[in-house]
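> Below is the file work26.txt, with compact mmCIF, C-alpha atoms and all ligand atoms.
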# COMPACT_ATOMS: atom_id res chain seq x y z
CA MET A 806 30.19 24.19 32.06
CA LYS A 807 33.83 24.47 31.10
CA THR A 808 36.56 25.98 33.29
CA ILE A 809 39.54 27.51 31.48
CA GLU A 810 42.63 28.59 33.39
CA THR A 811 44.94 30.09 30.80
CA GLY A 812 44.45 33.11 28.57
CA SER A 813 46.35 31.53 25.69
CA THR A 814 43.64 28.87 25.18
CA LEU A 815 40.60 31.02 26.04
CA ARG A 816 40.06 32.83 22.77
CA ALA A 817 40.51 29.73 20.62
CA GLU A 818 38.09 27.74 22.82
CA LEU A 819 35.50 30.55 22.87
CA ALA A 820 35.73 31.05 19.10
CA LYS A 821 34.24 27.54 18.69
CA LEU A 822 31.15 28.44 20.77
CA PRO A 823 27.93 30.10 19.55
CA LYS A 824 27.68 33.90 19.43
CA PRO A 825 26.94 36.34 20.88
CA LEU A 826 29.63 35.98 23.51
CA VAL A 827 28.72 37.86 26.68
CA LEU A 828 31.34 38.37 29.41
CA VAL A 829 30.74 39.10 33.11
CA PRO A 830 34.07 40.13 34.69
CA THR A 831 34.27 39.49 38.47
CA MET A 832 36.73 39.04 41.30
CA GLY A 833 34.71 36.08 42.64
CA ALA A 834 33.06 35.60 46.06
CA LEU A 835 29.86 35.66 44.03
CA HIS A 836 26.65 37.03 45.54
CA GLU A 837 23.19 38.00 44.26
CA GLY A 838 24.63 41.19 42.70
CA HIS A 839 26.87 39.08 40.49
CA LEU A 840 24.02 36.67 39.78
CA SER A 841 21.86 39.52 38.52
CA LEU A 842 24.64 40.38 36.03
CA ILE A 843 24.97 36.73 34.97
CA ARG A 844 21.19 36.55 34.40
CA ARG A 845 21.33 39.77 32.38
CA ALA A 846 24.19 38.25 30.37
CA ARG A 847 22.02 35.20 29.63
CA GLU A 848 19.18 37.44 28.44
CA LEU A 849 21.60 39.27 26.16
CA ALA A 850 23.17 36.03 24.88
CA GLY A 851 19.82 34.33 24.38
CA PRO A 852 19.38 30.61 25.02
CA THR A 853 21.92 29.65 22.35
CA GLY A 854 24.61 32.32 22.91
CA THR A 855 27.60 31.93 25.24
CA VAL A 856 27.91 33.38 28.76
CA VAL A 857 31.45 33.65 30.15
CA VAL A 858 32.26 34.65 33.75
CA SER A 859 35.82 35.60 34.64
CA ILE A 860 36.99 35.20 38.24
CA PHE A 861 40.28 36.98 38.83
CA VAL A 862 41.41 38.96 41.86
CA ASN A 863 43.44 41.49 39.92
CA PRO A 864 46.49 42.46 42.00
CA ILE A 865 47.33 45.61 40.03
CA GLN A 866 44.08 47.37 41.03
CA PHE A 867 44.66 47.01 44.79
CA ASP A 868 46.28 49.85 46.69
CA ARG A 869 46.47 48.11 50.07
CA ALA A 870 48.32 44.78 50.49
CA SER A 871 46.00 43.76 53.36
CA ASP A 872 42.95 44.26 51.13
CA LEU A 873 44.44 42.05 48.40
CA GLU A 874 45.60 39.34 50.80
CA GLY A 875 42.31 39.29 52.70
CA TYR A 876 40.05 39.33 49.62
CA PRO A 877 37.65 36.34 49.89
CA ARG A 878 38.39 33.53 47.39
CA PRO A 879 35.75 30.78 47.73
CA MET A 880 36.52 29.26 44.32
CA GLU A 881 34.67 25.93 44.74
CA ALA A 882 31.46 27.65 45.83
CA ASP A 883 31.79 30.20 43.00
CA LEU A 884 32.11 27.44 40.39
CA ALA A 885 29.03 25.70 41.82
CA VAL A 886 27.06 28.96 41.61
CA CYS A 887 28.11 29.49 37.98
CA GLU A 888 27.15 25.93 37.11
CA ALA A 889 23.73 26.36 38.73
CA GLU A 890 23.21 29.60 36.78
CA GLY A 891 23.88 27.91 33.44
CA VAL A 892 27.15 29.76 32.75
CA ASP A 893 28.90 28.20 29.76
CA VAL A 894 32.54 29.02 30.53
CA VAL A 895 34.35 30.24 33.65
CA PHE A 896 37.78 31.80 33.16
CA THR A 897 39.98 31.50 36.28
CA PRO A 898 43.51 32.59 35.40
CA GLU A 899 46.47 32.64 37.78
CA VAL A 900 48.23 35.99 38.21
CA SER A 901 51.29 34.54 36.40
CA SER A 902 49.21 33.72 33.33
CA MET A 903 47.79 37.27 33.16
CA TYR A 904 50.90 39.37 33.72
CA PHE A 905 54.48 39.10 32.49
CA PRO A 906 56.92 39.87 35.33
CA ASP A 907 58.35 42.73 33.20
CA ARG A 908 55.02 44.05 31.88
CA SER A 909 55.37 47.73 31.07
CA ILE A 910 52.13 48.82 29.36
CA THR A 911 49.16 50.16 31.34
CA VAL A 912 45.88 51.79 30.27
CA LEU A 913 45.75 55.24 31.88
CA GLU A 914 42.50 57.13 32.39
CA GLN A 915 43.11 60.77 33.14
CA SER A 916 39.78 62.52 33.69
CA LEU A 917 36.93 60.44 35.11
CA SER A 918 39.29 58.82 37.59
CA GLN A 919 40.34 62.11 39.22
CA THR A 920 37.45 62.00 41.74
CA LEU A 921 35.70 59.47 44.05
CA CYS A 922 37.47 56.08 44.28
CA GLY A 923 40.12 57.19 41.79
CA ALA A 924 41.19 60.03 44.08
CA THR A 925 41.50 57.90 47.22
CA ARG A 926 42.83 54.74 45.52
CA PRO A 927 45.59 56.09 43.25
CA GLY A 928 46.21 53.86 40.24
CA HIS A 929 43.14 51.73 40.95
CA PHE A 930 41.35 52.48 37.67
CA ASP A 931 44.50 52.08 35.62
CA GLY A 932 44.65 48.55 37.02
CA VAL A 933 40.95 48.03 36.31
CA CYS A 934 41.16 49.36 32.73
CA THR A 935 44.26 47.30 32.00
CA VAL A 936 42.74 44.02 33.20
CA VAL A 937 39.34 44.68 31.62
CA LEU A 938 40.94 45.43 28.24
CA LYS A 939 42.96 42.24 28.56
CA LEU A 940 39.81 40.26 29.42
CA PHE A 941 38.05 41.72 26.37
CA LEU A 942 40.99 40.82 24.12
CA LEU A 943 41.51 37.37 25.65
CA SER A 944 37.84 36.43 25.35
CA GLY A 945 36.85 38.20 22.13
CA CYS A 946 33.50 39.03 23.77
CA GLU A 947 30.94 41.18 21.93
CA ILE A 948 29.09 42.33 25.06
CA ALA A 949 30.22 42.81 28.69
CA VAL A 950 28.06 43.43 31.76
CA PHE A 951 29.06 45.57 34.78
CA GLY A 952 27.24 46.68 37.95
CA GLU A 953 26.09 50.22 38.72
CA LYS A 954 27.22 49.80 42.34
CA ASP A 955 30.68 50.56 40.94
CA TYR A 956 29.35 53.66 39.17
CA GLN A 957 32.71 55.22 38.44
CA GLN A 958 34.11 51.93 37.15
CA LEU A 959 31.22 51.58 34.70
CA ALA A 960 31.67 55.17 33.46
CA ILE A 961 35.41 54.66 32.99
CA ILE A 962 34.99 51.39 31.11
CA ARG A 963 32.45 53.04 28.79
CA ARG A 964 35.01 55.82 28.20
CA MET A 965 37.82 53.33 27.54
CA VAL A 966 35.72 51.49 24.97
CA ARG A 967 34.82 54.80 23.31
CA ASP A 968 38.32 56.27 23.31
CA LEU A 969 40.17 53.11 22.24
CA ASN A 970 37.54 51.89 19.71
CA VAL A 971 37.13 48.61 21.55
CA PRO A 972 34.41 46.61 19.75
CA VAL A 973 32.55 45.60 22.92
CA GLU A 974 29.07 46.79 23.94
CA ILE A 975 28.97 47.73 27.63
CA VAL A 976 25.76 46.99 29.55
CA GLY A 977 25.09 48.21 33.13
CA GLY A 978 23.00 46.37 35.74
CA PRO A 979 21.25 47.96 38.76
CA THR A 980 22.65 47.61 42.28
CA VAL A 981 21.26 44.60 44.15
CA ARG A 982 20.73 45.16 47.89
CA GLU A 983 20.22 43.15 51.06
CA ALA A 984 16.72 43.40 52.56
CA ASP A 985 17.94 46.21 54.85
CA GLY A 986 19.28 48.25 51.93
CA LEU A 987 23.00 47.50 52.20
CA ALA A 988 24.50 47.16 48.71
CA MET A 989 25.69 43.59 48.20
CA SER A 990 29.47 43.39 48.08
CA SER A 991 32.00 40.61 48.38
CA ARG A 992 33.59 42.57 51.20
CA ASN A 993 30.40 42.48 53.34
CA VAL A 994 31.44 39.07 54.72
CA LYS A 995 34.44 40.74 56.33
CA LEU A 996 32.26 42.96 58.55
CA THR A 997 31.83 42.03 62.23
CA ALA A 998 28.24 41.43 63.39
CA GLU A 999 28.21 44.90 64.94
CA GLN A 1000 29.52 46.56 61.77
CA ARG A 1001 27.10 44.59 59.58
CA ALA A 1002 24.15 45.72 61.72
CA ASP A 1003 25.29 49.34 61.37
CA ALA A 1004 26.15 49.32 57.65
CA PRO A 1005 22.62 49.91 56.24
CA ARG A 1006 23.06 53.49 57.48
CA ILE A 1007 25.06 54.18 54.30
CA ARG A 1008 22.05 53.60 52.06
CA LYS A 1009 19.70 55.35 54.49
CA ALA A 1010 22.00 58.39 54.57
CA LEU A 1011 22.13 58.62 50.77
CA LEU A 1012 18.35 58.23 50.47
CA LYS A 1013 17.66 60.90 53.10
CA ALA A 1014 20.23 63.30 51.63
CA SER A 1015 18.86 62.84 48.12
CA GLU A 1016 15.61 64.54 49.19
CA ALA A 1017 17.39 67.81 50.06
CA LEU A 1018 17.31 70.75 47.67
CA THR A 1019 20.82 72.15 47.68
CA LYS A 1020 24.27 70.74 47.23
CA GLU A 1021 25.34 71.91 50.69
CA GLU A 1022 22.31 70.33 52.41
CA ILE A 1023 22.77 67.04 50.55
CA LEU A 1024 26.40 66.73 51.60
CA GLN A 1025 25.69 67.84 55.17
CA ILE A 1026 22.82 65.40 55.73
CA ALA A 1027 24.71 62.45 54.25
CA SER A 1028 27.83 63.28 56.23
CA GLU A 1029 25.96 63.64 59.54
CA GLU A 1030 24.00 60.41 59.05
CA ILE A 1031 27.08 58.35 58.24
CA SER A 1032 29.30 59.94 60.88
CA ALA A 1033 26.64 59.50 63.58
CA SER A 1034 28.06 56.00 64.05
CA PRO A 1035 31.43 55.69 65.84
CA LEU A 1036 32.08 52.61 63.67
CA THR A 1037 32.34 54.56 60.41
CA ARG A 1038 35.12 56.57 58.80
CA ILE A 1039 34.24 58.40 55.59
CA ASP A 1040 36.83 57.87 52.87
CA TYR A 1041 35.00 60.26 50.54
CA LEU A 1042 31.53 61.70 50.16
CA SER A 1043 31.03 63.64 46.91
CA LEU A 1044 28.42 65.05 44.64
CA VAL A 1045 29.59 64.79 41.04
CA ASP A 1046 28.18 65.33 37.57
CA ALA A 1047 26.62 62.02 36.47
CA GLU A 1048 28.50 62.10 33.16
CA THR A 1049 31.84 63.84 33.73
CA LEU A 1050 32.21 62.77 37.39
CA GLN A 1051 33.60 66.24 38.15
CA PRO A 1052 32.47 68.01 41.36
CA VAL A 1053 29.40 70.21 40.79
CA ASP A 1054 28.58 73.74 41.97
CA ASP A 1055 24.82 73.46 41.55
CA LEU A 1056 22.18 70.86 40.75
CA ASN A 1057 21.03 71.95 37.31
CA ARG A 1058 22.20 68.70 35.71
CA PRO A 1059 21.84 65.05 36.80
CA THR A 1060 24.34 64.32 39.57
CA VAL A 1061 25.46 61.34 41.60
CA LEU A 1062 26.02 61.32 45.33
CA ALA A 1063 28.69 58.71 45.97
CA THR A 1064 30.52 57.56 49.08
CA ALA A 1065 33.12 55.13 50.33
CA VAL A 1066 32.97 54.31 54.02
CA PHE A 1067 35.43 52.36 56.13
CA TYR A 1068 34.25 49.99 58.85
CA GLY A 1069 37.61 49.16 60.41
CA ASP A 1070 39.66 47.85 57.50
CA VAL A 1071 36.63 47.10 55.31
CA ARG A 1072 35.78 49.72 52.70
CA LEU A 1073 32.24 49.81 51.30
CA ILE A 1074 30.93 51.95 48.42
CA ASP A 1075 27.47 53.08 47.37
CA ASN A 1076 25.86 55.82 45.28
CA ILE A 1077 22.52 57.38 44.43
CA GLN A 1078 21.34 59.37 41.42
CA ILE A 1079 20.09 62.90 42.07
CA SER A 1080 17.87 64.43 39.40
CA ALA A 1081 18.40 68.01 38.17
CA ARG A 1082 16.74 70.63 40.43
N1 LIG B 1 25.36 44.72 44.68
C1 LIG B 1 25.67 44.66 43.40
N2 LIG B 1 24.71 44.84 42.46
C2 LIG B 1 25.01 44.77 41.13
N3 LIG B 1 26.26 44.56 40.66
C3 LIG B 1 27.24 44.40 41.56
C4 LIG B 1 27.01 44.43 42.96
N4 LIG B 1 28.18 44.23 43.60
C5 LIG B 1 29.11 44.07 42.64
N5 LIG B 1 28.56 44.16 41.42
C6 LIG B 1 29.25 44.11 40.13
O1 LIG B 1 29.85 42.86 39.97
C7 LIG B 1 31.03 43.00 39.16
C8 LIG B 1 32.16 42.35 39.86
O2 LIG B 1 32.43 43.06 41.06
P1 LIG B 1 33.30 42.47 42.24
O3 LIG B 1 33.66 41.06 41.95
O4 LIG B 1 34.36 43.43 42.60
O5 LIG B 1 32.24 42.39 43.41
P2 LIG B 1 31.98 43.35 44.59
O6 LIG B 1 30.92 42.75 45.40
O7 LIG B 1 31.87 44.72 44.03
O8 LIG B 1 33.24 43.22 45.43
P3 LIG B 1 33.93 44.33 46.24
O9 LIG B 1 33.11 45.59 46.19
O10 LIG B 1 34.05 43.79 47.60
O11 LIG B 1 35.22 44.41 45.47
C9 LIG B 1 31.23 44.50 38.95
O12 LIG B 1 30.72 44.85 37.68
C10 LIG B 1 30.39 45.10 40.07
O13 LIG B 1 29.92 46.39 39.75
C1 LIG B 2 35.84 44.74 36.71
C2 LIG B 2 36.76 43.96 37.64
C3 LIG B 2 36.42 42.46 37.56
C4 LIG B 2 38.19 44.14 37.12
O1 LIG B 2 39.09 43.45 37.94
C5 LIG B 2 36.66 44.46 39.08
O2 LIG B 2 37.08 45.78 39.19
C6 LIG B 2 35.33 44.25 39.70
O3 LIG B 2 35.10 43.12 40.13
O4 LIG B 2 34.50 45.19 39.76
N1 LIG B 3 34.39 46.16 42.69
C1 LIG B 3 35.58 46.98 42.57
C2 LIG B 3 36.79 46.20 42.69
C3 LIG B 3 37.68 46.64 43.79
O1 LIG B 3 37.20 47.12 44.83
O2 LIG B 3 38.89 46.51 43.65
In structure tokens, what does this structure look like?

Amino acid sequence: MKTIETGSTLRAELAKLPKPLVLVPTMGALHEGHLSLIRRARELAGPTGTVVVSIFVNPIQFDRASDLEGYPRPMEADLAVCEAEGVDVVFTPEVSSMYFPDRSITVLEQSLSQTLCGATRPGHFDGVCTVVLKLFLLSGCEIAVFGEKDYQQLAIIRRMVRDLNVPVEIVGGPTVREADGLAMSSRNVKLTAEQRADAPRIRKALLKASEALTKEEILQIASEEISASPLTRIDYLSLVDAETLQPVDDLNRPTVLATAVFYGDVRLIDNIQISAR
């Protein structure tokens, strides 16, 4: 396994390796959710293709300084995990090698990012799109794999690739969960024992609500179940069209029930698909 730290050498190094080139972009603190994406990348690359994992905590997608500063960065353990998974190349750039101090170009998404995380984390998806486009250009990858836990992110990246004619195939991977249903997330390690024990209520709430028949009932059940704990604070809870991510009036098309919940300073997200009624 090769570790490359600067963008300027990445593309030239990767061009020498066998195709297809499959990229898994991450912010590190790797868990089973990431591993499922790496394994999917290997399937897509085949035994002779090249799997690249990027580990970069992208400062321009954070809206809270405390979240950025406190983001877990266990680099040695992450490299060991990548090695054990048979990753070919890990790209670990410094912030200074990714961004010029006077950078002035950003990728703006102006529709899908108006709801959910985009509404409560202004500028977040502009930061995500900008870094993901840079990672695509720096690596020259043909395929990139993203998780469905970050449903809105996946939809926005698909839109970016469509709208900007980016020659990268986007593949989604299902959300991997702890045994108690909590979606795996790098931020889970920041929960206290009490918060961690309570957090599976998010998944339970979404599952229970997804059985209801009307929009109002779905939102009410999910809201009550999550708010029943004094440890939670709902950042958003929304029912949106699965494709446009716009709020829906009825359930005659596939929708997604998505939420972000704060436990203290730790913000967790999850979502569930709701079929048309
Ligand atoms: N539980 C999971 N199942 C499947 N994919 C996941 C899961 N968690 C994260 N991913 C995916 O891994 C990629 C990298 O995400 P990231 O490094 O931000 O991890 P994370 O666990 O989502 O961290 P956090 O939510 O705390 O920022 C993204 O495509 C994300 O959707
Ligand atoms: C896609 C990503 C690596 C861009 O920084 C990040 O948003 C993430 O880890 O989901
Ligand atoms: N997984 C999404 C990255 C973030 O929360 O910034």
> Let me see if you get this right: every residue at most 6 Å from ligand LIG 1 (chain B), counting only C-alpha atoms and all ligand atoms, written as JSON, numbers by chain.
{"A": [830, 831, 832, 833, 838, 839, 951, 952, 953, 954, 955, 978, 979, 980, 981, 982, 988, 989, 990, 991, 992]}
> Filtering to C-alpha atoms, could you give me those residues as a PDB file, in the frame of the given file?

ATOM      1  CA  PRO A 830      34.070  40.130  34.690  1.00  0.00           C
ATOM      2  CA  THR A 831      34.270  39.490  38.470  1.00  0.00           C
ATOM      3  CA  MET A 832      36.730  39.040  41.300  1.00  0.00           C
ATOM      4  CA  GLY A 833      34.710  36.080  42.640  1.00  0.00           C
ATOM      5  CA  GLY A 838      24.630  41.190  42.700  1.00  0.00           C
ATOM      6  CA  HIS A 839      26.870  39.080  40.490  1.00  0.00           C
ATOM      7  CA  PHE A 951      29.060  45.570  34.780  1.00  0.00           C
ATOM      8  CA  GLY A 952      27.240  46.680  37.950  1.00  0.00           C
ATOM      9  CA  GLU A 953      26.090  50.220  38.720  1.00  0.00           C
ATOM     10  CA  LYS A 954      27.220  49.800  42.340  1.00  0.00           C
ATOM     11  CA  ASP A 955      30.680  50.560  40.940  1.00  0.00           C
ATOM     12  CA  GLY A 978      23.000  46.370  35.740  1.00  0.00           C
ATOM     13  CA  PRO A 979      21.250  47.960  38.760  1.00  0.00           C
ATOM     14  CA  THR A 980      22.650  47.610  42.280  1.00  0.00           C
ATOM     15  CA  VAL A 981      21.260  44.600  44.150  1.00  0.00           C
ATOM     16  CA  ARG A 982      20.730  45.160  47.890  1.00  0.00           C
ATOM     17  CA  ALA A 988      24.500  47.160  48.710  1.00  0.00           C
ATOM     18  CA  MET A 989      25.690  43.590  48.200  1.00  0.00           C
ATOM     19  CA  SER A 990      29.470  43.390  48.080  1.00  0.00           C
ATOM     20  CA  SER A 991      32.000  40.610  48.380  1.00  0.00           C
ATOM     21  CA  ARG A 992      33.590  42.570  51.200  1.00  0.00           C
TER      22      ARG A 992
END
> Emit as AutoDock Vina command-line options the padded axis-aligned box for all listed atoms of region 811-816 of chain A, 4 Å per side, with centre and edge lengths in Å to one decimal.

--center_x 43.2 --center_y 31.0 --center_z 26.8 --size_x 14.3 --size_y 12.2 --size_z 16.0
> Using only C-alpha atoms, which residues sit within 6 Å of region 933-940 of chain A once same-chain residues fewer than 4 positions away are excluded, as a VMD selection string?
chain A and resid 866 911 to 912 944
> Just want the 7 Å neighbourhood of Leu1042 (chain A), counted on only C-alpha atoms, with same-chain residues fewer than 4 positions away dropped. Output as JSON, numbers by chain.
{"A": [1063, 1064, 1065]}
> Mind checking which residues fall within 7 Å of Met806 (chain A), counting all atoms listed in the file, ignoring those fewer than 5 positions away in the same chain, and posting them as a list in words?
Glu888, Val892, Asp893 and Val894 of chain A
> Write to file, as a compact mmCIF listing (two decimals), in the frame of the given file, the residues of the selection just made, with C-alpha atoms.

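In the end it all went to result_13.txt:
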# COMPACT_ATOMS: atom_id res chain seq x y z
CA GLU A 888 27.15 25.93 37.11
CA VAL A 892 27.15 29.76 32.75
CA ASP A 893 28.90 28.20 29.76
CA VAL A 894 32.54 29.02 30.53
